[in-house]
file entry_17.txt (compact mmCIF, C-alpha atoms and all ligand atoms)
# COMPACT_ATOMS: atom_id res chain seq x y z
CA MET L 55 -30.91 25.04 116.61
CA ARG L 56 -28.72 23.89 113.69
CA VAL L 57 -30.64 21.23 111.72
CA THR L 58 -29.43 19.25 108.72
CA VAL L 59 -32.09 17.62 106.57
CA ALA L 60 -30.89 14.70 104.44
CA GLY L 61 -33.00 14.63 101.24
CA ALA L 62 -34.55 17.18 98.89
CA GLY L 63 -37.62 15.27 97.74
CA ILE L 64 -41.05 16.42 98.83
CA VAL L 65 -40.53 15.09 102.38
CA GLY L 66 -37.12 16.70 102.97
CA LEU L 67 -38.14 20.06 101.50
CA SER L 68 -41.43 20.17 103.42
CA CYS L 69 -39.53 19.44 106.66
CA ALA L 70 -36.92 22.10 105.82
CA TYR L 71 -39.69 24.63 105.19
CA ARG L 72 -41.44 24.00 108.52
CA LEU L 73 -38.15 23.90 110.47
CA ALA L 74 -36.91 27.18 108.97
CA GLU L 75 -40.29 28.76 109.64
CA ALA L 76 -39.97 27.65 113.29
CA GLY L 77 -36.70 29.59 113.50
CA HIS L 78 -34.11 26.82 113.09
CA ASP L 79 -30.89 27.24 111.11
CA VAL L 80 -31.48 24.65 108.36
CA THR L 81 -29.20 23.02 105.78
CA VAL L 82 -30.53 20.48 103.26
CA VAL L 83 -28.02 17.93 101.95
CA ALA L 84 -29.18 15.85 98.99
CA ALA L 85 -27.54 13.49 96.53
CA ALA L 86 -29.41 15.13 93.64
CA PRO L 87 -31.75 18.07 92.96
CA PRO L 88 -35.50 17.73 93.59
CA ARG L 89 -36.28 17.37 89.87
CA GLU L 90 -34.35 14.07 89.90
CA SER L 91 -36.15 12.64 92.94
CA THR L 92 -38.93 10.06 93.02
CA SER L 93 -41.17 12.93 94.09
CA ALA L 94 -40.80 14.47 90.62
CA VAL L 95 -42.24 11.31 88.99
CA ALA L 96 -45.34 10.99 91.19
CA GLY L 97 -48.83 11.20 89.74
CA GLY L 98 -49.57 13.75 92.44
CA VAL L 99 -53.06 12.93 93.72
CA VAL L 100 -53.43 13.65 97.42
CA TYR L 101 -55.15 10.64 98.95
CA PRO L 102 -53.63 7.67 100.73
CA PRO L 103 -53.74 4.24 99.09
CA GLY L 104 -55.92 2.08 101.27
CA ASP L 105 -53.50 -0.75 101.94
CA ARG L 106 -51.42 0.67 104.79
CA LEU L 107 -53.58 2.80 107.01
CA ASP L 108 -53.02 3.78 110.58
CA GLU L 109 -54.37 6.71 112.57
CA ARG L 110 -51.40 8.87 111.52
CA ILE L 111 -52.09 8.45 107.80
CA VAL L 112 -55.56 9.99 108.02
CA ARG L 113 -54.26 12.81 110.26
CA TRP L 114 -51.24 13.54 108.02
CA THR L 115 -53.41 13.53 104.89
CA ALA L 116 -55.88 15.98 106.40
CA ALA L 117 -53.00 18.20 107.57
CA SER L 118 -51.40 18.19 104.10
CA LEU L 119 -54.70 19.07 102.46
CA ALA L 120 -55.13 21.99 104.85
CA VAL L 121 -51.69 23.29 103.81
CA PHE L 122 -52.40 22.91 100.09
CA ARG L 123 -55.72 24.71 100.59
CA GLY L 124 -54.00 27.54 102.42
CA HIS L 125 -51.26 28.21 99.84
CA ASP L 126 -51.92 29.55 96.37
CA THR L 127 -49.13 27.47 94.92
CA PRO L 128 -47.80 26.83 91.41
CA GLY L 129 -48.47 23.25 90.34
CA VAL L 130 -51.33 22.64 92.81
CA ARG L 131 -54.97 22.45 91.71
CA PHE L 132 -58.02 21.23 93.58
CA ARG L 133 -59.95 18.82 91.39
CA ARG L 134 -62.92 16.53 91.78
CA GLY L 135 -62.32 12.96 90.73
CA ARG L 136 -63.19 9.37 91.43
CA VAL L 137 -61.60 6.22 92.78
CA LEU L 138 -63.14 2.96 91.57
CA LEU L 139 -63.28 0.16 94.13
CA ALA L 140 -64.75 -3.31 94.02
CA ALA L 141 -68.46 -2.76 94.77
CA ALA L 142 -68.35 -5.15 97.74
CA GLU L 143 -65.39 -3.34 99.31
CA PRO L 144 -66.25 -1.34 102.44
CA ASP L 145 -65.73 2.44 102.48
CA PRO L 146 -62.03 3.22 102.68
CA GLN L 147 -60.78 4.46 106.05
CA TRP L 148 -59.27 7.58 104.49
CA LEU L 149 -62.68 9.01 103.53
CA PRO L 150 -62.84 11.45 106.49
CA ALA L 151 -59.53 13.01 105.40
CA VAL L 152 -60.82 14.29 102.03
CA ASP L 153 -63.52 16.80 101.12
CA ASP L 154 -67.11 16.08 100.13
CA ALA L 155 -66.62 12.34 99.55
CA THR L 156 -69.62 10.39 98.26
CA ARG L 157 -69.92 6.67 97.52
CA ASP L 158 -72.14 5.24 94.81
CA GLY L 159 -71.57 1.51 94.21
CA ASP L 160 -67.99 1.11 93.03
CA ARG L 161 -67.33 4.88 92.76
CA VAL L 162 -65.98 7.11 95.51
CA GLU L 163 -66.03 10.75 94.39
CA PHE L 164 -64.25 13.57 96.20
CA THR L 165 -62.27 16.77 95.78
CA THR L 166 -58.58 16.84 96.56
CA ALA L 167 -55.29 18.50 95.69
CA VAL L 168 -53.62 17.35 92.48
CA VAL L 169 -49.95 18.27 92.43
CA ASP L 170 -47.82 18.73 89.31
CA THR L 171 -44.75 17.77 91.31
CA PRO L 172 -41.88 19.06 89.10
CA VAL L 173 -43.48 22.53 89.09
CA TYR L 174 -44.36 22.36 92.78
CA LEU L 175 -40.90 21.13 93.87
CA GLU L 176 -39.23 24.06 92.08
CA TRP L 177 -41.54 26.43 93.95
CA LEU L 178 -40.81 24.67 97.26
CA LEU L 179 -37.06 24.82 96.62
CA ALA L 180 -37.28 28.55 95.98
CA ARG L 181 -39.45 29.04 99.10
CA VAL L 182 -37.03 27.24 101.41
CA GLY L 183 -34.22 29.33 99.90
CA ALA L 184 -36.20 32.46 100.68
CA LEU L 185 -36.56 31.23 104.28
CA GLY L 186 -32.75 31.07 104.55
CA VAL L 187 -32.26 27.31 104.07
CA ARG L 188 -28.93 26.33 102.46
CA VAL L 189 -29.03 23.44 99.96
CA GLU L 190 -25.95 21.32 99.22
CA TYR L 191 -25.77 18.52 96.67
CA ARG L 192 -23.65 15.55 97.77
CA SER L 193 -24.30 11.95 98.71
CA LEU L 194 -24.14 11.09 102.41
CA THR L 195 -22.80 7.80 103.71
CA SER L 196 -23.58 8.58 107.35
CA LEU L 197 -25.85 10.80 109.42
CA ARG L 198 -22.93 11.51 111.80
CA GLY L 199 -20.41 14.35 111.62
CA LEU L 200 -22.69 16.84 109.87
CA GLY L 201 -22.10 19.61 112.41
CA ALA L 202 -25.79 19.84 113.32
CA ASP L 203 -27.63 19.68 116.65
CA VAL L 204 -30.29 17.51 115.02
CA VAL L 205 -30.31 15.60 111.70
CA VAL L 206 -33.57 14.78 109.90
CA ASN L 207 -33.31 11.61 107.83
CA ALA L 208 -35.68 12.27 104.91
CA ALA L 209 -33.59 10.64 102.19
CA GLY L 210 -36.39 8.53 100.69
CA LEU L 211 -35.04 5.24 99.45
CA GLY L 212 -31.55 6.26 100.63
CA ALA L 213 -32.84 6.73 104.19
CA GLY L 214 -32.85 2.99 104.89
CA ALA L 215 -29.12 2.61 104.29
CA LEU L 216 -28.38 5.75 106.31
CA ALA L 217 -30.43 4.40 109.23
CA GLY L 218 -29.20 0.79 108.97
CA ASP L 219 -32.80 -0.23 108.25
CA ALA L 220 -33.01 -3.21 105.91
CA THR L 221 -36.82 -3.16 105.69
CA MET L 222 -36.94 -0.51 102.96
CA VAL L 223 -37.98 -1.86 99.54
CA PRO L 224 -38.02 0.02 96.23
CA VAL L 225 -41.37 -0.33 94.51
CA GLY L 226 -40.98 0.74 90.89
CA GLY L 227 -43.69 2.73 89.19
CA GLN L 228 -43.85 3.63 85.51
CA VAL L 229 -45.96 6.49 84.19
CA VAL L 230 -46.63 7.93 80.76
CA HIS L 231 -47.21 11.65 80.18
CA VAL L 232 -49.58 12.52 77.34
CA THR L 233 -51.06 15.78 76.06
CA ASP L 234 -54.17 16.91 77.94
CA PRO L 235 -57.34 16.93 75.78
CA GLY L 236 -59.00 19.18 78.40
CA LEU L 237 -59.77 16.75 81.22
CA SER L 238 -60.94 18.26 84.48
CA GLU L 239 -61.28 15.18 86.70
CA PHE L 240 -58.83 12.55 87.89
CA VAL L 241 -59.72 8.86 87.97
CA VAL L 242 -58.02 5.99 89.78
CA ASP L 243 -59.16 2.41 89.14
CA GLU L 244 -58.23 0.15 92.03
CA THR L 245 -60.38 -2.79 90.91
CA GLY L 246 -57.86 -4.49 88.67
CA PRO L 247 -54.89 -6.62 89.60
CA GLY L 248 -52.84 -3.38 89.33
CA VAL L 249 -53.86 0.27 89.67
CA THR L 250 -54.70 2.37 86.59
CA TYR L 251 -54.90 6.15 86.86
CA VAL L 252 -55.42 9.25 84.76
CA ILE L 253 -54.36 12.50 86.41
CA PRO L 254 -54.75 15.75 84.46
CA HIS L 255 -52.42 18.64 85.26
CA GLY L 256 -53.52 21.18 82.66
CA GLY L 257 -50.66 20.95 80.13
CA HIS L 258 -50.28 17.18 80.39
CA VAL L 259 -51.93 14.08 81.84
CA VAL L 260 -50.06 11.52 83.96
CA CYS L 261 -51.16 7.99 83.00
CA GLY L 262 -50.21 5.04 85.16
CA GLY L 263 -49.24 2.82 86.46
CA THR L 264 -47.29 -0.13 87.76
CA GLU L 265 -46.17 -1.41 91.14
CA GLU L 266 -42.97 -3.45 90.88
CA PRO L 267 -41.48 -4.42 94.25
CA GLY L 268 -37.71 -4.82 94.18
CA ARG L 269 -37.20 -2.93 90.92
CA GLY L 270 -33.76 -1.28 90.82
CA ASP L 271 -33.63 0.58 87.49
CA THR L 272 -35.50 3.60 86.20
CA ASP L 273 -35.47 2.81 82.47
CA PRO L 274 -38.99 2.95 81.00
CA ASN L 275 -40.10 -0.28 79.37
CA PRO L 276 -41.83 0.34 75.95
CA ALA L 277 -44.13 -2.69 76.38
CA VAL L 278 -45.27 -1.31 79.74
CA THR L 279 -45.82 2.13 78.18
CA ALA L 280 -48.12 0.50 75.59
CA ASP L 281 -50.01 -1.40 78.29
CA ILE L 282 -50.47 1.73 80.44
CA LEU L 283 -51.80 3.66 77.43
CA ARG L 284 -54.24 0.84 76.59
CA ARG L 285 -55.59 0.73 80.16
CA CYS L 286 -55.83 4.49 80.49
CA ARG L 287 -57.59 4.97 77.14
CA GLU L 288 -60.10 2.35 78.21
CA LEU L 289 -60.69 4.23 81.45
CA GLU L 290 -60.76 7.67 79.77
CA PRO L 291 -61.69 7.38 76.05
CA ARG L 292 -60.94 11.09 75.47
CA LEU L 293 -57.24 10.11 75.64
CA ALA L 294 -57.58 8.11 72.38
CA ASP L 295 -55.69 10.70 70.31
CA ALA L 296 -53.53 12.17 73.06
CA GLU L 297 -49.90 12.45 72.05
CA VAL L 298 -47.28 10.63 74.12
CA LEU L 299 -44.79 13.10 75.61
CA ARG L 300 -42.53 10.88 77.73
CA SER L 301 -42.37 7.75 79.91
CA LEU L 302 -40.82 7.88 83.38
CA VAL L 303 -40.03 5.42 86.17
CA GLY L 304 -39.73 6.24 89.87
CA LEU L 305 -38.78 4.00 92.80
CA ARG L 306 -41.20 4.42 95.69
CA PRO L 307 -39.48 4.27 99.10
CA PHE L 308 -41.63 1.52 100.59
CA ARG L 309 -41.64 0.33 104.18
CA ARG L 310 -44.34 -1.60 106.07
CA GLU L 311 -45.14 1.68 107.80
CA VAL L 312 -43.73 5.22 107.70
CA ARG L 313 -40.89 5.63 110.19
CA LEU L 314 -41.30 8.94 112.00
CA GLU L 315 -39.48 8.98 115.32
CA ARG L 316 -36.61 10.63 117.14
CA VAL L 317 -33.62 8.50 118.18
CA GLY L 318 -31.06 10.65 120.00
CA ASP L 319 -30.19 13.57 117.74
CA VAL L 320 -31.70 12.00 114.60
CA VAL L 321 -35.33 12.36 113.55
CA HIS L 322 -36.22 9.69 110.99
CA CYS L 323 -38.93 10.49 108.46
CA TYR L 324 -39.01 7.99 105.61
CA GLY L 325 -40.81 5.03 104.06
CA HIS L 326 -43.72 6.95 102.50
CA GLY L 327 -44.14 4.40 99.68
CA GLY L 328 -46.82 5.51 97.23
CA ALA L 329 -48.11 8.35 99.41
CA GLY L 330 -45.30 10.83 100.02
CA ILE L 331 -47.00 13.71 98.21
CA THR L 332 -50.08 13.04 100.34
CA LEU L 333 -48.28 12.81 103.67
CA ALA L 334 -45.33 15.23 103.44
CA TRP L 335 -46.84 18.32 105.08
CA GLY L 336 -48.47 16.31 107.86
CA CYS L 337 -45.17 14.55 108.57
CA ALA L 338 -43.22 17.83 108.43
CA ALA L 339 -45.33 19.20 111.28
CA ASP L 340 -44.56 16.14 113.46
CA VAL L 341 -40.85 16.30 112.56
CA THR L 342 -40.72 19.95 113.60
CA GLU L 343 -42.29 19.07 116.97
CA LEU L 344 -39.75 16.28 117.52
CA VAL L 345 -36.81 18.53 116.59
CA THR L 346 -38.02 21.30 118.84
CA ALA L 347 -38.89 18.96 121.77
C1 LIG W 401 -45.11 6.38 89.62
C2 LIG W 401 -45.35 6.98 90.96
C3 LIG W 401 -46.55 7.60 91.24
C4 LIG W 401 -46.78 8.16 92.51
N1 LIG W 401 -47.97 8.81 92.72
C5 LIG W 401 -48.20 9.36 93.94
C6 LIG W 401 -49.42 10.07 94.18
O1 LIG W 401 -50.28 10.22 93.29
N2 LIG W 401 -49.63 10.57 95.43
C7 LIG W 401 -48.71 10.43 96.42
O2 LIG W 401 -48.96 10.89 97.53
N3 LIG W 401 -47.53 9.80 96.20
C8 LIG W 401 -47.26 9.25 95.00
N4 LIG W 401 -46.10 8.59 94.77
C9 LIG W 401 -45.17 8.37 95.91
C10 LIG W 401 -44.26 9.55 96.13
O3 LIG W 401 -43.63 9.92 94.93
C11 LIG W 401 -43.19 9.19 97.19
O4 LIG W 401 -43.81 8.68 98.34
C12 LIG W 401 -42.42 10.43 97.56
O5 LIG W 401 -41.84 11.00 96.41
C13 LIG W 401 -41.33 10.13 98.59
O6 LIG W 401 -40.71 11.37 98.85
P1 LIG W 401 -39.34 11.44 99.59
O7 LIG W 401 -39.01 12.89 99.72
O8 LIG W 401 -39.37 10.60 100.82
O9 LIG W 401 -38.30 10.70 98.62
P2 LIG W 401 -37.63 11.17 97.26
O10 LIG W 401 -38.50 12.02 96.44
O11 LIG W 401 -37.08 9.94 96.65
O12 LIG W 401 -36.41 12.08 97.73
C14 LIG W 401 -35.31 11.52 98.40
C15 LIG W 401 -34.22 12.56 98.50
O13 LIG W 401 -33.13 12.01 99.25
C16 LIG W 401 -31.92 12.19 98.54
N5 LIG W 401 -31.01 11.12 98.94
C17 LIG W 401 -31.18 9.77 98.83
N6 LIG W 401 -30.11 9.14 99.34
C18 LIG W 401 -29.27 10.10 99.78
C19 LIG W 401 -27.99 10.07 100.40
N7 LIG W 401 -27.36 8.93 100.68
N8 LIG W 401 -27.39 11.27 100.71
C20 LIG W 401 -28.01 12.45 100.45
N9 LIG W 401 -29.23 12.51 99.87
C21 LIG W 401 -29.85 11.35 99.54
C22 LIG W 401 -32.33 12.16 97.09
O14 LIG W 401 -31.33 12.80 96.28
C23 LIG W 401 -33.62 12.96 97.16
O15 LIG W 401 -33.31 14.34 97.18
C24 LIG W 401 -45.80 8.05 93.52
C25 LIG W 401 -44.58 7.46 93.23
C26 LIG W 401 -44.34 6.93 91.96
C27 LIG W 401 -43.01 6.32 91.66

call {"tool": "encode", "arguments": {"input": "entry_17.txt", "output": "structure tokens"}}
result
Amino acid sequence: MRVTVAGAGIVGLSCAYRLAEAGHDVTVVAAAPPRESTSAVAGGVVYPPGDRLDERIVRWTAASLAVFRGHDTPGVRFRRGRVLLAAAEPDPQWLPAVDDATRDGDRVEFTTAVVDTPVYLEWLLARVGALGVRVEYRSLTSLRGLGADVVVNAAGLGAGALAGDATMVPVGGQVVHVTDPGLSEFVVDETGPGVTYVIPHGGHVVCGGTEEPGRGDTDPNPAVTADILRRCRELEPRLADAEVLRSLVGLRPFRREVRLERVGDVVHCYGHGGAGITLAWGCAADVTELVTA
């Protein structure tokens, strides 16, 4: 079958990979290369934020982890780390999806994939190319007239406009990359009014973050950079002398829930919010089933 995938972020490329592997003739059409997508800004920890769980989220997370475990892939490391929760908060529902999770008071410790997304996306782009997928860079204004039997709408924030879905909201997130003093564990603090995280990738550490619903620009704010550094150095004192490399902003494609369904000859797969790195492989498997059905 001829399939066009709109979008070359982590969701579009993962779908293209699975579809090509299943024998489809796949073209990816994207407004910009993967390195310019929101996916390339992500912190890259594979676990779903606890605020928007349904049965699919746990299943997709577990499926993605199984894929990351099965590939020896540039940019992907398995690391132990901890998520800090308010002590009175019940165990998060995503616990069964991750490995060896233990809870001690406010700390949930587990091992998961930590993805250096710019490196990983380049690998994924090369892999889909090797599977015969064509990639074209242009902005779509419609999902019609693409000469495909089925179109997969995986255009992240752009997917809402393409689907006529007004419920998509950009949620801005700023991060700061600093030099890595040799950290081996990630830490995410969910106890504050916002989330603070420290995610080591070997050469650099991603420090975050912010959640800014409705944000439209991607210009880093220096005052926010300073605040992120203060919070992260408090959480991980070994970052005290780490050198700042860059600040980045990404716009999360947020929707009340992920839309993954087939409507006629379009399969929609968008609205992954702050969890697209976590969910992409699980969603790609479901998309491939819906295309092939
Ligand atoms: C600061 C920050 C930290 C994050 N941390 C994590 C994390 O630790 N773990 C996690 O799981 N997730 C994290 N996320 C969320 C994750 O980055 C997103 O959920 C994910 O990138 C969404 O992927 P996507 O492929 O749907 O969209 P995108 O990466 O935005 O890709 C969309 C693609 O569609 C293309 N496109 C858009 N409109 C059009 C159009 N009209 N025509 C053609 N192409 C179009 C774009 O060019 C792009 O190629 C984070 C996000 C941010 C901002």

call {"tool": "closest_residue", "arguments": {"input": "entry_17.txt", "among": "L:Arg310, L:Thr245, L:Gln228, L:Val59", "to": "Asp108 (chain L)", "atoms": "all atoms listed in the file"}}
result
L:Arg310

call {"tool": "residues_around", "arguments": {"input": "entry_17.txt", "residues": "Ala202 (chain L)", "least_positions_apart": "4", "cutoff": "10 Å", "atoms": "only C-alpha atoms", "output": "ChimeraX atom specification"}}
result
/L:55-59,79-81,197-198,206,319-320

call {"tool": "residues_around", "arguments": {"input": "entry_17.txt", "residues": "Gly186 (chain L)", "least_positions_apart": "5", "cutoff": "12 Å", "atoms": "all atoms listed in the file", "output": "JSON list (two decimals) with C-alpha atoms, keeping the file's coordinate frame"}}
result
[["chain", "number", "residue", "atom", "x", "y", "z"],
["L", 70, "ALA", "CA", -36.92, 22.10, 105.82],
["L", 71, "TYR", "CA", -39.69, 24.63, 105.19],
["L", 72, "ARG", "CA", -41.44, 24.00, 108.52],
["L", 73, "LEU", "CA", -38.15, 23.90, 110.47],
["L", 74, "ALA", "CA", -36.91, 27.18, 108.97],
["L", 75, "GLU", "CA", -40.29, 28.76, 109.64],
["L", 76, "ALA", "CA", -39.97, 27.65, 113.29],
["L", 77, "GLY", "CA", -36.70, 29.59, 113.50],
["L", 78, "HIS", "CA", -34.11, 26.82, 113.09],
["L", 79, "ASP", "CA", -30.89, 27.24, 111.11],
["L", 80, "VAL", "CA", -31.48, 24.65, 108.36],
["L", 81, "THR", "CA", -29.20, 23.02, 105.78],
["L", 82, "VAL", "CA", -30.53, 20.48, 103.26],
["L", 179, "LEU", "CA", -37.06, 24.82, 96.62],
["L", 180, "ALA", "CA", -37.28, 28.55, 95.98],
["L", 181, "ARG", "CA", -39.45, 29.04, 99.10]]

call {"tool": "axis_aligned_box", "arguments": {"input": "entry_17.txt", "around": "ligand LIG 401 (chain W)", "padding_each_side": "3 Å", "output": "AutoDock Vina command-line options"}}
result
--center_x -38.8 --center_y 10.3 --center_z 95.2 --size_x 28.9 --size_y 14.0 --size_z 17.2

call {"tool": "residues_near_ligand", "arguments": {"input": "entry_17.txt", "ligand": "ligand LIG 401 (chain W)", "cutoff": "7 Å", "atoms": "all atoms listed in the file", "output": "PyMOL selection string"}}
result
chain L and resi 60-66+83-88+91-102+192-195+208-213+216+226-229+262-263+303-307+324-333

call {"tool": "residues_around", "arguments": {"input": "entry_17.txt", "residues": "Thr166 (chain L)", "least_positions_apart": "3", "cutoff": "8 Å", "atoms": "all atoms listed in the file", "output": "list in words"}}
result
Val99, Val100, Tyr101, Leu119, Phe132, Arg133, Arg134, Gly135, Val152 and Asp153 of chain L

call {"tool": "closest_residue", "arguments": {"input": "entry_17.txt", "among": "L:Gly129, L:Pro103, L:Pro150, L:Gly248", "to": "Ala117 (chain L)", "atoms": "all atoms listed in the file"}}
result
L:Pro150

call {"tool": "closest_residue", "arguments": {"input": "entry_17.txt", "among": "L:Ser301, L:Thr342, L:Ser68, L:Thr171", "to": "Thr272 (chain L)", "atoms": "all atoms listed in the file"}}
result
L:Ser301

call {"tool": "atom_distance", "arguments": {"input": "entry_17.txt", "atom1": "CA of Pro276 (chain L)", "atom2": "CA of Pro172 (chain L)"}}
result
22.9 Å

call {"tool": "atom_distance", "arguments": {"input": "entry_17.txt", "atom1": "CA of Glu143 (chain L)", "atom2": "CA of Phe240 (chain L)"}}
result
20.6 Å

call {"tool": "build_atoms", "arguments": {"input": "entry_17.txt", "residues": "region 63-75 of chain L", "atoms": "N, CA and C atoms", "output": "compact mmCIF listing (two decimals), keeping the file's coordinate frame"}}
result
# COMPACT_ATOMS: atom_id res chain seq x y z
N GLY L 63 -36.36 15.63 98.38
CA GLY L 63 -37.62 15.27 97.74
C GLY L 63 -38.71 16.05 98.46
N ILE L 64 -39.95 15.65 98.23
CA ILE L 64 -41.05 16.42 98.83
C ILE L 64 -41.01 16.35 100.36
N VAL L 65 -40.54 15.22 100.91
CA VAL L 65 -40.53 15.09 102.38
C VAL L 65 -39.44 15.98 102.98
N GLY L 66 -38.22 15.89 102.43
CA GLY L 66 -37.12 16.70 102.97
C GLY L 66 -37.40 18.19 102.85
N LEU L 67 -37.90 18.62 101.68
CA LEU L 67 -38.14 20.06 101.50
C LEU L 67 -39.29 20.56 102.37
N SER L 68 -40.32 19.74 102.55
CA SER L 68 -41.43 20.17 103.42
C SER L 68 -40.95 20.30 104.87
N CYS L 69 -40.10 19.35 105.30
CA CYS L 69 -39.53 19.44 106.66
C CYS L 69 -38.66 20.69 106.79
N ALA L 70 -37.81 20.93 105.77
CA ALA L 70 -36.92 22.10 105.82
C ALA L 70 -37.73 23.39 105.92
N TYR L 71 -38.82 23.44 105.19
CA TYR L 71 -39.69 24.63 105.19
C TYR L 71 -40.24 24.89 106.61
N ARG L 72 -40.83 23.83 107.19
CA ARG L 72 -41.44 24.00 108.52
C ARG L 72 -40.38 24.33 109.59
N LEU L 73 -39.20 23.67 109.47
CA LEU L 73 -38.15 23.90 110.47
C LEU L 73 -37.60 25.32 110.38
N ALA L 74 -37.41 25.81 109.15
CA ALA L 74 -36.91 27.18 108.97
C ALA L 74 -37.94 28.17 109.48
N GLU L 75 -39.20 27.89 109.19
CA GLU L 75 -40.29 28.76 109.64
C GLU L 75 -40.34 28.83 111.17
